[in-house]
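Coordinates from input11.txt are shown below (compact mmCIF, C-alpha atoms).
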# COMPACT_ATOMS: atom_id res chain seq x y z
CA MET A 26 -13.45 -34.21 7.23
CA GLU A 27 -10.93 -35.93 9.52
CA GLU A 28 -11.09 -35.90 13.32
CA ASP A 29 -8.23 -36.39 15.75
CA ASP A 30 -9.13 -39.38 17.95
CA GLU A 31 -7.37 -37.95 21.02
CA CYS A 32 -9.01 -34.50 20.98
CA SER A 33 -11.62 -32.36 19.27
CA LYS A 34 -9.40 -31.09 16.46
CA GLN A 35 -10.89 -31.38 12.98
CA PHE A 36 -8.82 -31.50 9.81
CA GLU A 37 -9.60 -31.21 6.13
CA ASN A 38 -6.99 -32.21 3.56
CA GLY A 39 -4.43 -32.22 6.35
CA LYS A 40 -5.28 -28.67 7.45
CA LEU A 41 -6.73 -27.89 10.87
CA ILE A 42 -10.17 -26.29 10.45
CA ALA A 43 -11.70 -26.50 13.94
CA GLY A 44 -10.85 -27.28 17.54
CA SER A 45 -11.19 -26.18 21.13
CA ILE A 46 -9.03 -23.31 22.33
CA ASN A 47 -6.86 -25.75 24.28
CA ASP A 48 -6.42 -27.97 21.25
CA LEU A 49 -5.55 -25.03 19.01
CA ILE A 50 -2.95 -23.80 21.49
CA GLY A 51 -1.62 -27.35 21.74
CA HIS A 52 -1.17 -27.42 17.95
CA LEU A 53 0.66 -24.10 18.25
CA THR A 54 3.03 -25.09 21.07
CA PRO A 55 6.56 -26.15 20.05
CA THR A 56 8.19 -29.19 21.63
CA SER A 57 11.65 -30.66 21.48
CA GLU A 58 10.67 -32.51 18.28
CA TYR A 59 7.78 -30.43 16.88
CA TYR A 60 7.45 -26.93 15.50
CA PRO A 61 4.09 -25.54 14.29
CA PRO A 62 3.62 -25.04 10.53
CA GLU A 63 4.47 -21.49 9.44
CA ASP A 64 1.05 -20.79 7.94
CA TYR A 65 -0.73 -22.04 11.04
CA LEU A 66 1.54 -19.95 13.30
CA PHE A 67 0.69 -16.79 11.34
CA ALA A 68 -3.04 -17.51 11.13
CA PHE A 69 -3.32 -18.33 14.83
CA LEU A 70 -1.29 -15.39 16.17
CA LEU A 71 -3.22 -13.05 13.88
CA SER A 72 -6.72 -14.28 14.71
CA CYS A 73 -6.44 -15.65 18.24
CA ARG A 74 -7.33 -12.26 19.74
CA ILE A 75 -10.94 -12.66 18.57
CA PHE A 76 -11.46 -15.66 20.87
CA VAL A 77 -8.65 -15.63 23.46
CA ASP A 78 -6.36 -13.00 24.99
CA PRO A 79 -2.81 -13.29 23.51
CA VAL A 80 -1.33 -13.16 27.01
CA GLU A 81 -3.32 -16.30 27.85
CA VAL A 82 -1.89 -17.95 24.72
CA LEU A 83 1.68 -17.13 25.71
CA THR A 84 1.02 -18.28 29.28
CA GLN A 85 -0.34 -21.64 28.11
CA VAL A 86 2.47 -22.17 25.59
CA LEU A 87 5.07 -21.56 28.30
CA GLU A 88 3.30 -23.86 30.77
CA ARG A 89 3.07 -26.65 28.20
CA CYS A 90 6.77 -26.30 27.39
CA GLN A 91 7.64 -26.43 31.09
CA ILE A 92 5.50 -29.56 31.56
CA GLU A 93 7.15 -31.26 28.59
CA GLN A 94 10.63 -30.41 29.81
CA ALA A 95 9.80 -31.80 33.27
CA ASN A 96 8.67 -35.13 31.77
CA PRO A 97 11.00 -37.80 33.21
CA ASP A 98 10.65 -39.84 30.00
CA LEU A 99 12.20 -37.06 27.93
CA PRO A 100 15.74 -37.94 26.79
CA GLU A 101 18.41 -36.06 28.74
CA THR A 102 19.72 -34.33 25.62
CA ALA A 103 16.26 -33.23 24.44
CA THR A 104 15.27 -29.63 25.10
CA VAL A 105 12.37 -27.44 24.03
CA ALA A 106 14.44 -24.24 24.39
CA PRO A 107 15.58 -23.76 20.73
CA HIS A 108 12.06 -24.24 19.34
CA LEU A 109 10.46 -22.04 22.02
CA ALA A 110 13.02 -19.28 21.40
CA LEU A 111 12.34 -19.45 17.66
CA PHE A 112 8.58 -19.32 18.32
CA LEU A 113 9.01 -16.19 20.47
CA LEU A 114 11.23 -14.58 17.81
CA GLN A 115 8.64 -15.13 15.09
CA TRP A 116 5.89 -13.71 17.29
CA VAL A 117 7.97 -10.61 18.04
CA GLU A 118 8.90 -10.10 14.38
CA THR A 119 5.36 -10.52 13.05
CA PHE A 120 3.24 -8.92 15.80
CA PRO A 121 5.50 -6.59 17.82
CA ASN A 122 2.53 -4.45 18.86
CA ASP A 123 1.29 -7.32 21.04
CA PHE A 124 4.19 -6.63 23.38
CA ILE A 125 3.30 -3.01 24.02
CA ARG A 126 1.17 -4.42 26.84
CA GLN A 127 3.15 -4.85 30.06
CA SER A 128 1.48 -8.19 30.80
CA MET A 129 2.77 -9.55 27.49
CA MET A 130 6.26 -8.15 28.05
CA ASP A 131 6.41 -9.69 31.53
CA LYS A 132 5.39 -13.10 30.21
CA LEU A 133 7.91 -12.81 27.34
CA HIS A 134 10.76 -12.16 29.79
CA GLU A 135 9.63 -15.16 31.86
CA ALA A 136 9.70 -17.39 28.77
CA LEU A 137 13.14 -16.14 27.73
CA ARG A 138 14.54 -16.76 31.23
CA PHE A 139 13.19 -20.31 30.98
CA CYS A 140 14.96 -20.79 27.64
CA LYS A 141 18.28 -19.42 28.91
CA ASN A 142 18.21 -21.48 32.10
CA LEU A 143 17.33 -24.60 30.16
CA ASP A 144 19.90 -24.10 27.41
CA PRO A 145 22.61 -21.46 28.01
CA SER A 146 23.50 -21.57 24.31
CA CYS A 147 20.19 -19.75 23.69
CA SER A 148 21.22 -16.77 25.85
CA ARG A 149 22.75 -14.67 23.08
CA GLY A 150 19.77 -15.23 20.77
CA CYS A 151 17.30 -14.34 23.55
CA ASP A 152 19.18 -11.11 24.28
CA ARG A 153 19.10 -10.22 20.58
CA LEU A 154 15.37 -10.85 20.55
CA ILE A 155 14.83 -8.31 23.35
CA ARG A 156 16.94 -5.72 21.53
CA LEU A 157 14.97 -6.38 18.35
CA LEU A 158 11.69 -5.93 20.20
CA ASP A 159 12.90 -2.73 21.87
CA ASN A 160 13.76 -1.32 18.43
CA ARG A 161 10.41 -2.40 17.00
CA LEU A 162 8.49 -0.81 19.87
CA VAL A 163 10.45 2.43 19.48
CA ASP A 164 9.42 2.42 15.81
CA VAL A 165 5.80 1.72 16.73
CA LYS A 166 5.66 4.53 19.27
CA SER A 167 7.43 7.02 17.02
CA LYS A 168 4.97 6.25 14.22
CA LYS A 169 2.13 7.30 16.49
CA LYS A 170 3.68 10.71 17.12
CA VAL A 171 3.06 12.61 13.91
CA PRO A 172 4.63 16.08 14.15
CA LYS A 173 2.27 19.02 13.92
CA SER A 174 3.19 22.52 12.84
CA ASP A 175 1.63 25.62 11.37
CA CYS A 176 0.48 25.28 7.79
CA LEU A 177 3.10 26.07 5.21
CA GLU A 178 2.76 28.84 2.67
CA LYS A 179 0.47 27.70 -0.12
CA LEU A 180 2.24 26.42 -3.21
CA ASP A 181 0.78 26.83 -6.67
CA PHE A 182 0.74 23.16 -7.68
CA VAL A 183 -1.11 23.78 -10.93
CA ARG A 184 1.45 26.28 -12.21
CA ASP A 185 4.67 24.75 -10.87
CA ILE A 186 4.38 20.96 -10.64
CA LYS A 187 3.41 18.17 -13.02
CA PRO A 188 0.49 15.96 -11.93
CA GLU A 189 2.74 12.89 -12.12
CA LEU A 190 5.08 14.34 -9.49
CA ILE A 191 2.21 15.15 -7.12
CA ALA A 192 0.88 11.63 -7.67
CA ALA A 193 4.31 10.25 -6.72
CA GLN A 194 4.28 12.23 -3.46
CA LEU A 195 0.83 10.90 -2.66
CA THR A 196 2.15 7.37 -3.09
CA HIS A 197 5.00 8.06 -0.65
CA ILE A 198 2.51 9.45 1.88
CA GLU A 199 0.19 6.48 1.40
CA ILE A 200 2.88 3.84 1.95
CA ASP A 201 3.93 5.58 5.19
CA PHE A 202 0.37 5.50 6.51
CA LEU A 203 -0.11 1.94 5.30
CA ASN A 204 3.06 0.69 6.99
CA ASN A 205 1.99 2.16 10.33
CA ILE A 206 -1.00 -0.20 10.51
CA SER A 207 -0.49 -3.46 12.37
CA PHE A 208 -2.45 -6.67 11.81
CA GLY A 209 -3.67 -6.51 15.40
CA GLU A 210 -5.18 -3.07 14.76
CA ILE A 211 -7.19 -4.42 11.84
CA ILE A 212 -8.57 -7.25 13.99
CA SER A 213 -9.31 -4.74 16.79
CA MET A 214 -11.17 -2.64 14.23
CA LEU A 215 -13.67 -5.49 13.93
CA GLY A 216 -14.65 -4.86 17.55
CA LYS A 217 -13.79 -8.45 18.45
CA ASP A 218 -10.47 -8.06 20.30
CA VAL A 219 -10.84 -9.83 23.68
CA SER A 220 -7.50 -8.62 25.10
CA LYS A 221 -8.22 -7.59 28.68
CA ASP A 222 -5.75 -4.75 29.30
CA LYS A 223 -5.62 -3.26 25.80
CA ASP A 224 -6.24 0.49 25.60
CA PRO A 225 -9.43 0.83 23.50
CA ALA A 226 -8.51 4.43 22.62
CA THR A 227 -5.40 3.29 20.72
CA ALA A 228 -6.53 -0.19 19.63
CA TRP A 229 -6.80 0.84 15.97
CA GLY A 230 -5.55 4.43 15.99
CA ASN A 231 -3.40 4.04 12.87
CA VAL A 232 -6.36 2.69 10.90
CA GLU A 233 -8.33 5.76 11.94
CA LYS A 234 -5.46 8.04 10.90
CA TYR A 235 -5.36 6.41 7.49
CA VAL A 236 -9.10 6.88 7.01
CA ASN A 237 -8.74 10.52 8.10
CA TRP A 238 -5.92 10.99 5.58
CA PHE A 239 -8.26 9.83 2.82
CA ASN A 240 -10.82 12.40 3.93
CA HIS A 241 -8.15 15.10 4.16
CA LEU A 242 -6.95 14.45 0.61
CA SER A 243 -10.53 14.54 -0.66
CA HIS A 244 -11.16 17.89 1.08
CA PHE A 245 -7.78 19.20 -0.06
CA VAL A 246 -8.66 18.60 -3.71
CA ALA A 247 -12.09 20.17 -3.33
CA THR A 248 -10.54 23.18 -1.56
CA GLU A 249 -8.00 23.63 -4.35
CA VAL A 250 -10.75 23.62 -6.99
CA LEU A 251 -12.94 26.06 -5.08
CA SER A 252 -10.16 28.51 -4.16
CA PRO A 253 -9.23 30.33 -7.41
CA GLU A 254 -11.07 33.61 -7.92
CA LEU A 255 -10.99 33.51 -11.72
CA GLY A 256 -13.00 30.98 -13.68
CA ALA A 257 -10.15 30.13 -16.07
CA ALA A 258 -7.83 29.31 -13.17
CA ARG A 259 -10.55 27.20 -11.59
CA ASN A 260 -10.96 25.21 -14.80
CA LEU A 261 -7.21 24.58 -14.95
CA THR A 262 -7.20 23.47 -11.31
CA MET A 263 -10.08 21.07 -11.87
CA GLU A 264 -8.36 19.59 -14.93
CA TYR A 265 -5.07 19.40 -13.04
CA TYR A 266 -6.53 17.18 -10.32
CA MET A 267 -8.35 15.12 -12.90
CA ASP A 268 -4.94 14.43 -14.44
CA THR A 269 -3.50 13.72 -10.97
CA ALA A 270 -6.19 11.11 -10.28
CA VAL A 271 -5.39 9.39 -13.58
CA ALA A 272 -1.66 9.54 -12.77
CA CYS A 273 -2.28 7.95 -9.36
CA PHE A 274 -4.21 5.12 -11.00
CA SER A 275 -1.45 4.60 -13.59
CA GLN A 276 1.17 4.44 -10.80
CA GLY A 277 -0.85 1.82 -8.89
CA ASN A 278 -1.99 4.18 -6.13
CA PHE A 279 -5.68 3.33 -6.00
CA ASN A 280 -6.38 4.84 -2.58
CA SER A 281 -5.28 8.35 -3.62
CA ALA A 282 -7.04 8.01 -6.96
CA MET A 283 -10.29 7.26 -5.16
CA ALA A 284 -9.78 10.10 -2.65
CA ILE A 285 -9.27 12.59 -5.50
CA LEU A 286 -12.37 11.28 -7.27
CA ALA A 287 -14.30 11.77 -4.04
CA GLY A 288 -13.02 15.34 -3.83
CA LEU A 289 -13.93 16.16 -7.42
CA ASN A 290 -17.39 14.70 -6.86
CA GLN A 291 -18.19 16.72 -3.75
CA SER A 292 -21.69 18.13 -4.21
CA SER A 293 -20.27 21.65 -3.72
CA ILE A 294 -18.33 21.06 -6.96
CA THR A 295 -20.75 18.95 -8.98
CA ARG A 296 -23.33 21.75 -8.71
CA LEU A 297 -20.97 24.06 -10.63
CA HIS A 298 -22.43 23.34 -14.07
CA LYS A 299 -20.74 26.30 -15.79
CA LEU A 300 -17.36 25.06 -14.57
CA ARG A 301 -17.92 21.49 -15.70
CA ASP A 302 -19.27 22.54 -19.10
CA LYS A 303 -15.98 24.28 -19.92
CA LEU A 304 -13.67 21.39 -19.03
CA ASP A 305 -11.46 19.78 -21.68
CA ARG A 306 -13.54 16.90 -23.09
CA SER A 307 -10.58 14.55 -23.46
CA LYS A 308 -9.71 15.00 -19.77
CA VAL A 309 -13.35 14.44 -18.83
CA GLU A 310 -13.34 11.20 -20.82
CA HIS A 311 -10.16 10.04 -19.05
CA LEU A 312 -11.78 10.75 -15.70
CA GLN A 313 -14.96 8.92 -16.69
CA SER A 314 -12.86 5.93 -17.70
CA LEU A 315 -11.17 6.03 -14.30
CA GLU A 316 -14.54 6.19 -12.55
CA LYS A 317 -15.60 3.06 -14.43
CA GLN A 318 -12.41 1.32 -13.30
CA MET A 319 -13.27 2.16 -9.67
CA SER A 320 -16.97 1.35 -10.06
CA PRO A 321 -18.56 -0.59 -7.15
CA SER A 322 -20.57 -2.76 -9.56
CA GLU A 323 -20.16 -6.53 -9.17
CA ASN A 324 -18.30 -6.06 -5.89
CA PHE A 325 -15.68 -3.75 -7.49
CA LYS A 326 -14.84 -6.36 -10.13
CA THR A 327 -13.01 -4.01 -12.50
CA TYR A 328 -11.01 -2.47 -9.63
CA ARG A 329 -9.96 -5.90 -8.36
CA THR A 330 -8.76 -6.82 -11.85
CA ALA A 331 -6.81 -3.56 -12.09
CA LEU A 332 -5.28 -4.23 -8.65
CA ARG A 333 -4.04 -7.67 -9.73
CA ASN A 334 -2.57 -6.24 -12.93
CA ALA A 335 -0.87 -3.38 -11.05
CA SER A 336 0.67 -5.85 -8.60
CA GLU A 337 2.46 -7.49 -11.53
CA GLN A 338 3.69 -4.18 -12.97
CA HIS A 339 4.72 -2.02 -9.98
CA THR A 340 7.05 -2.48 -7.01
CA CYS A 341 4.66 -0.46 -4.85
CA VAL A 342 0.87 -0.77 -5.05
CA ILE A 343 -1.57 1.05 -2.77
CA PRO A 344 -4.95 -0.70 -2.58
CA PHE A 345 -8.21 1.13 -2.03
CA PHE A 346 -8.20 0.68 1.75
CA THR A 347 -11.97 0.84 2.15
CA ILE A 348 -12.36 -2.31 0.03
CA LEU A 349 -9.76 -4.19 2.06
CA VAL A 350 -11.60 -3.22 5.26
CA LYS A 351 -14.93 -4.20 3.69
CA ASP A 352 -13.58 -7.63 2.75
CA ILE A 353 -12.30 -8.22 6.30
CA HIS A 354 -15.64 -7.13 7.76
CA THR A 355 -17.48 -9.45 5.36
CA ILE A 356 -15.42 -12.44 6.48
CA ASN A 357 -16.02 -11.53 10.10
CA GLU A 358 -19.78 -11.25 9.61
CA ILE A 359 -20.34 -14.25 7.34
CA LYS A 360 -18.09 -16.76 9.11
CA LYS A 361 -18.86 -17.46 12.76
CA THR A 362 -16.02 -17.61 15.26
CA ARG A 363 -17.47 -20.68 16.98
CA ILE A 364 -19.18 -23.67 15.41
CA ASP A 365 -22.88 -23.78 16.29
CA ASN A 366 -23.80 -25.60 19.51
CA THR A 367 -20.16 -26.33 20.37
CA ASP A 368 -17.17 -24.69 22.02
CA LEU A 369 -15.05 -25.38 18.95
CA ILE A 370 -13.34 -22.47 17.20
CA ASN A 371 -14.08 -22.24 13.48
CA PHE A 372 -10.48 -22.02 12.32
CA GLU A 373 -11.55 -21.77 8.68
CA LYS A 374 -12.41 -18.16 9.52
CA CYS A 375 -8.86 -17.67 10.82
CA TRP A 376 -7.41 -19.09 7.61
CA GLU A 377 -9.54 -16.70 5.56
CA LEU A 378 -8.52 -13.65 7.62
CA ALA A 379 -4.88 -14.69 7.35
CA ARG A 380 -5.12 -15.04 3.56
CA HIS A 381 -6.45 -11.49 3.18
CA LEU A 382 -3.94 -9.98 5.57
CA GLU A 383 -1.04 -11.78 3.91
CA GLU A 384 -2.04 -9.83 0.78
CA PHE A 385 -2.09 -6.67 2.88
CA GLN A 386 1.39 -7.55 4.14
CA LYS A 387 2.63 -7.72 0.53
CA PHE A 388 1.29 -4.20 -0.09
CA GLN A 389 3.10 -2.98 3.04
CA ALA A 390 6.34 -4.53 1.79
CA GLY A 391 6.19 -2.50 -1.42
CA VAL A 392 9.18 -0.32 -2.28
CA CYS A 393 8.25 3.06 -3.74
CA ASP A 394 10.88 3.98 -6.35
CA LEU A 395 9.05 7.13 -7.48
CA GLN A 396 10.74 10.50 -7.03
CA ALA A 397 10.30 11.76 -3.47
CA ASP A 398 10.04 15.39 -2.38
CA GLY A 399 9.58 15.85 1.36
CA SER A 400 8.60 19.51 1.13
CA LEU A 401 5.80 18.72 -1.31
CA GLN A 402 4.57 15.95 0.96
CA ASP A 403 4.55 18.40 3.89
CA ASP A 404 2.60 20.91 1.81
CA ILE A 405 -0.12 18.34 1.20
CA LEU A 406 -0.15 16.87 4.71
CA LYS A 407 -0.29 20.24 6.46
CA ALA A 408 -2.50 22.06 4.00
CA GLU A 409 -5.50 23.99 5.24
CA VAL A 410 -8.81 22.70 3.93
CA LEU A 411 -12.34 24.03 3.82
CA THR A 412 -15.02 22.49 5.98
CA GLU A 413 -18.12 21.13 4.25
CA GLU A 414 -19.88 24.38 5.13
CA GLY A 415 -16.98 26.44 3.81
CA MET A 416 -17.03 24.52 0.55
CA TYR A 417 -20.67 25.43 -0.03
CA PHE A 418 -20.09 29.10 0.71
CA SER A 419 -17.22 29.13 -1.81
CA SER A 420 -19.36 27.22 -4.28
CA TYR A 421 -22.24 29.68 -3.98
CA SER A 422 -19.89 32.62 -4.44
CA ILE A 423 -18.82 31.07 -7.74
CA GLU A 424 -22.28 30.17 -9.04
CA GLU A 425 -25.48 31.43 -7.45
CA PRO A 426 -28.05 28.87 -6.33
CA VAL A 427 -30.54 28.01 -9.03
CA THR A 428 -32.68 25.12 -7.79
CA GLU A 429 -35.10 25.45 -4.88
CA ASN A 430 -33.04 23.07 -2.74
CA ASP A 431 -29.89 25.08 -3.43
CA LYS A 432 -31.68 28.30 -2.49
CA LYS A 433 -32.93 26.83 0.79
CA ARG A 434 -29.48 25.55 1.69
CA TYR A 435 -27.89 28.86 0.82
CA LYS A 436 -30.40 30.74 2.99
CA ALA A 437 -29.64 28.40 5.91
CA PHE A 438 -25.90 29.02 5.50
CA LEU A 439 -26.39 32.78 5.54
CA GLU A 440 -28.12 32.52 8.91
CA LYS A 441 -24.95 31.04 10.39
CA GLN A 442 -21.55 32.63 10.89
CA PRO A 443 -19.54 31.92 7.71
CA THR A 444 -16.94 29.18 8.02
CA THR A 445 -13.56 29.83 6.47
CA ARG A 446 -10.54 27.61 6.20
CA THR A 447 -9.68 25.51 9.22
CA ASN A 448 -6.52 23.58 9.95
CA SER A 449 -6.67 19.94 8.92
CA GLN A 450 -7.49 17.65 11.85
CA PHE A 451 -6.61 14.27 10.35
CA PHE A 452 -3.80 13.56 12.83

Translate the structure of the given file into structure tokens.
Amino acid sequence: MEEDDECSKQFENGKLIAGSINDLIGHLTPTSEYYPPEDYLFAFLLSCRIFVDPVEVLTQVLERCQIEQANPDLPETATVAPHLALFLLQWVETFPNDFIRQSMMDKLHEALRFCKNLDPSCSRGCDRLIRLLDNRLVDVKSKKKVPKSDCLEKLDFVRDIKPELIAAQLTHIEIDFLNNISFGEIISMLGKDVSKDKDPATAWGNVEKYVNWFNHLSHFVATEVLSPELGAARNLTMEYYMDTAVACFSQGNFNSAMAILAGLNQSSITRLHKLRDKLDRSKVEHLQSLEKQMSPSENFKTYRTALRNASEQHTCVIPFFTILVKDIHTINEIKKTRIDNTDLINFEKCWELARHLEEFQKFQAGVCDLQADGSLQDDILKAEVLTEEGMYFSSYSIEEPVTENDKKRYKAFLEKQPTTRTNSQFF
């Protein structure tokens, strides 16, 4: 391990791995002759919010630049303005959500005025930066306003549409939800965001929406299976969504595949032994193979292998989001933010978080070239689904309770007012 003689920064193989907050911000701050390494810039701006408010970072960077520019020993032709403007541009492009806060926007305008006054040739670029940010913030705010409307008339997917086409629509829906999530939201999700004026109610709202979408899709599949009145139609529906799960997996959409598996394995469905006994054995085997691929054994080893392979074969891959969140949480719990008995930040943790979220960024950049059908996507998004209670009532109407536990549960349900379909509440 190497230590910087002039400060508390620690390096390993030329990479900064620890330092005080002031030293880390110093390593981040551009000068007339220095610009921070790209990987360090990303890792710091991503992770800084777990140990310092981003507005404090921007304030210190600006103050350091002003001090450097006021240095009488600085050559007359030297100016920090171009590097500072580039630094601000990269921050805006990578983490636009940071500037939703008025305190951040105010400090950004102050920094841009400094750049323009120092070097008028930067004026046009600074103005473009503000327009870019305005457009990004409009996109961010519009993403949070998901339109609601009455549920559409139910479409007979099983009769009219191939499983591969439904799987394609699920991929389009998934990439939209995935792209709405910012890196800052994922860090906020850890409960470690120290930003002082951030609205806690919206700190990770898009993450919550994505989780709710997973639950909606799971309930949607279970509702579809439990809805048909005739046993033959129910068998076809069950097999249809088994095929859809396999199609999702084949297309590299692991999140939808797992949501469908969760729906097909709802206890209100698994208790239907007569239904499951009549399923096509080849389709059952395909589903069992898929379940093995998504098995949690050895920390989801087979899934992680499948994810790597899919990333080489498809232009758009949707990871199983729960695993990505689990990995981030694991890093957060295992690696301490501060080194024991010191005020030094453990920047190795920041590097690790950045590595995982760079992979997430690649998934967000995916281009879905599968056939899109907006009306089908609306059908799925706005579909009515049964509550857990409603699923059991439907299940018991299909097959009477047999075990003692089933009988007790059924009796308890009968004592309550029956629950029918309710509008989806995942938005």

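If all atoms listed in the file are the atoms counted, then among A:Pro344, A:Phe67, A:Met416, A:Leu304 the closest residue to Thr330 in chain A is A:Pro344.
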
Discussion item. Rounded to one decimal, what separation in Å do you get between CA of Val232 in chain A and CA of Met214 in chain A?
Written reply: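 Interatomic distance, CA of Val232 in chain A to CA of Met214 in chain A: 7.9 Å.
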
Discussion item. Residues within 12 Å of Arg161 in chain A, please, as JSON, numbers by chain. Count only C-alpha atoms; anything in the same chain fewer than 5 positions from it doesn't count.
Written reply: {"A": [117, 118, 119, 120, 121, 122, 123, 124, 125, 154, 155, 156, 166, 167, 168, 205, 207]}

Please write the residues from the selection above to a file, keeping C-alpha atoms, as a PDB file, in the frame of the given file.
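Saved the output as out-v1.pdb:
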ATOM      1  CA  VAL A 117       7.970 -10.610  18.040  1.00  0.00           C
ATOM      2  CA  GLU A 118       8.900 -10.100  14.380  1.00  0.00           C
ATOM      3  CA  THR A 119       5.360 -10.520  13.050  1.00  0.00           C
ATOM      4  CA  PHE A 120       3.240  -8.920  15.800  1.00  0.00           C
ATOM      5  CA  PRO A 121       5.500  -6.590  17.820  1.00  0.00           C
ATOM      6  CA  ASN A 122       2.530  -4.450  18.860  1.00  0.00           C
ATOM      7  CA  ASP A 123       1.290  -7.320  21.040  1.00  0.00           C
ATOM      8  CA  PHE A 124       4.190  -6.630  23.380  1.00  0.00           C
ATOM      9  CA  ILE A 125       3.300  -3.010  24.020  1.00  0.00           C
ATOM     10  CA  LEU A 154      15.370 -10.850  20.550  1.00  0.00           C
ATOM     11  CA  ILE A 155      14.830  -8.310  23.350  1.00  0.00           C
ATOM     12  CA  ARG A 156      16.940  -5.720  21.530  1.00  0.00           C
ATOM     13  CA  LYS A 166       5.660   4.530  19.270  1.00  0.00           C
ATOM     14  CA  SER A 167       7.430   7.020  17.020  1.00  0.00           C
ATOM     15  CA  LYS A 168       4.970   6.250  14.220  1.00  0.00           C
ATOM     16  CA  ASN A 205       1.990   2.160  10.330  1.00  0.00           C
ATOM     17  CA  SER A 207      -0.490  -3.460  12.370  1.00  0.00           C
TER      18      SER A 207
END

Discussion item. Please determine, counting all atoms listed in the file, which residue among A:Val309, A:Leu378, A:Leu395, A:Cys341 has the shortest atom-to-atom distance to Leu71 in chain A.
Written reply: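 Looking at the shortest contact to Leu71 in chain A, the residue is A:Leu378.
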
Worksheet item: For Ile211 in chain A, which residue out of A:Thr412, A:Thr56, A:Ser72, A:Ser281 is the nearest one, using only C-alpha atoms?
Response: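 Closest to Ile211 in chain A of all the choices is A:Ser72.
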
Worksheet item: For Ile405 in chain A, which of A:His241, A:Lys387, A:Arg149, A:Lys234 is the closest residue, counting all atoms listed in the file?
Response: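 Among the listed residues, the smallest separation from Ile405 in chain A belongs to A:His241.
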
Kindly provide the residues of range 335-418 of chain A that approach range 431-442 of chain A to within 12 Å, each paired with its closest atom pair and their distance in Å to one decimal, based on all atoms listed in the file, listed by chain and increasing number, as CSV.
residue,atom,partner,partner_atom,distance
A:Glu413,CA,A:Phe438,CA,11.2
A:Glu414,CA,A:Phe438,CA,7.6
A:Gly415,CA,A:Phe438,CA,9.4
A:Met416,CA,A:Phe438,CA,11.1
A:Tyr417,CA,A:Tyr435,CA,8.0
A:Phe418,CA,A:Phe438,CA,7.5

Worksheet item: Of the candidates A:Gln389, A:Gln396, A:Asn260, A:Ser293, which shows the shortest atom-to-atom distance to Gln276 in chain A, using all atoms listed in the file?
Response: A:Gln396

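Residues in contact with Ser419 in chain A at 9 Å, where only C-alpha atoms are counted and same-chain residues fewer than 6 positions away are skipped, are listed as Thr248, Leu251, Ser252 and Ser293 of chain A.
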
Discussion item. Just checking: using all atoms listed in the file, which residue out of A:Leu133, A:Ile206, A:Leu297, A:Met283 ends up closest to Glu425 in chain A?
Written reply: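 Of A:Leu133, A:Ile206, A:Leu297, A:Met283, the one nearest Glu425 in chain A, counting all atoms listed in the file, is A:Leu297.
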
Worksheet entry | Answer as a PyMOL selection string, residues within 7 Å of (6.9, -7.2, -4.1) using only C-alpha atoms | chain A and resi 340+387+390-391

Discussion item. Could you tell me how far CA of Lys361 in chain A sits from CA of Thr327 in chain A, in Å to one decimal place?
Written reply: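 Spanning CA of Thr327 in chain A to CA of Lys361 in chain A is a straight-line distance of 29.2 Å.
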
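Between CA of Ile50 in chain A and CA of Gly209 in chain A there is a distance of 18.3 Å.
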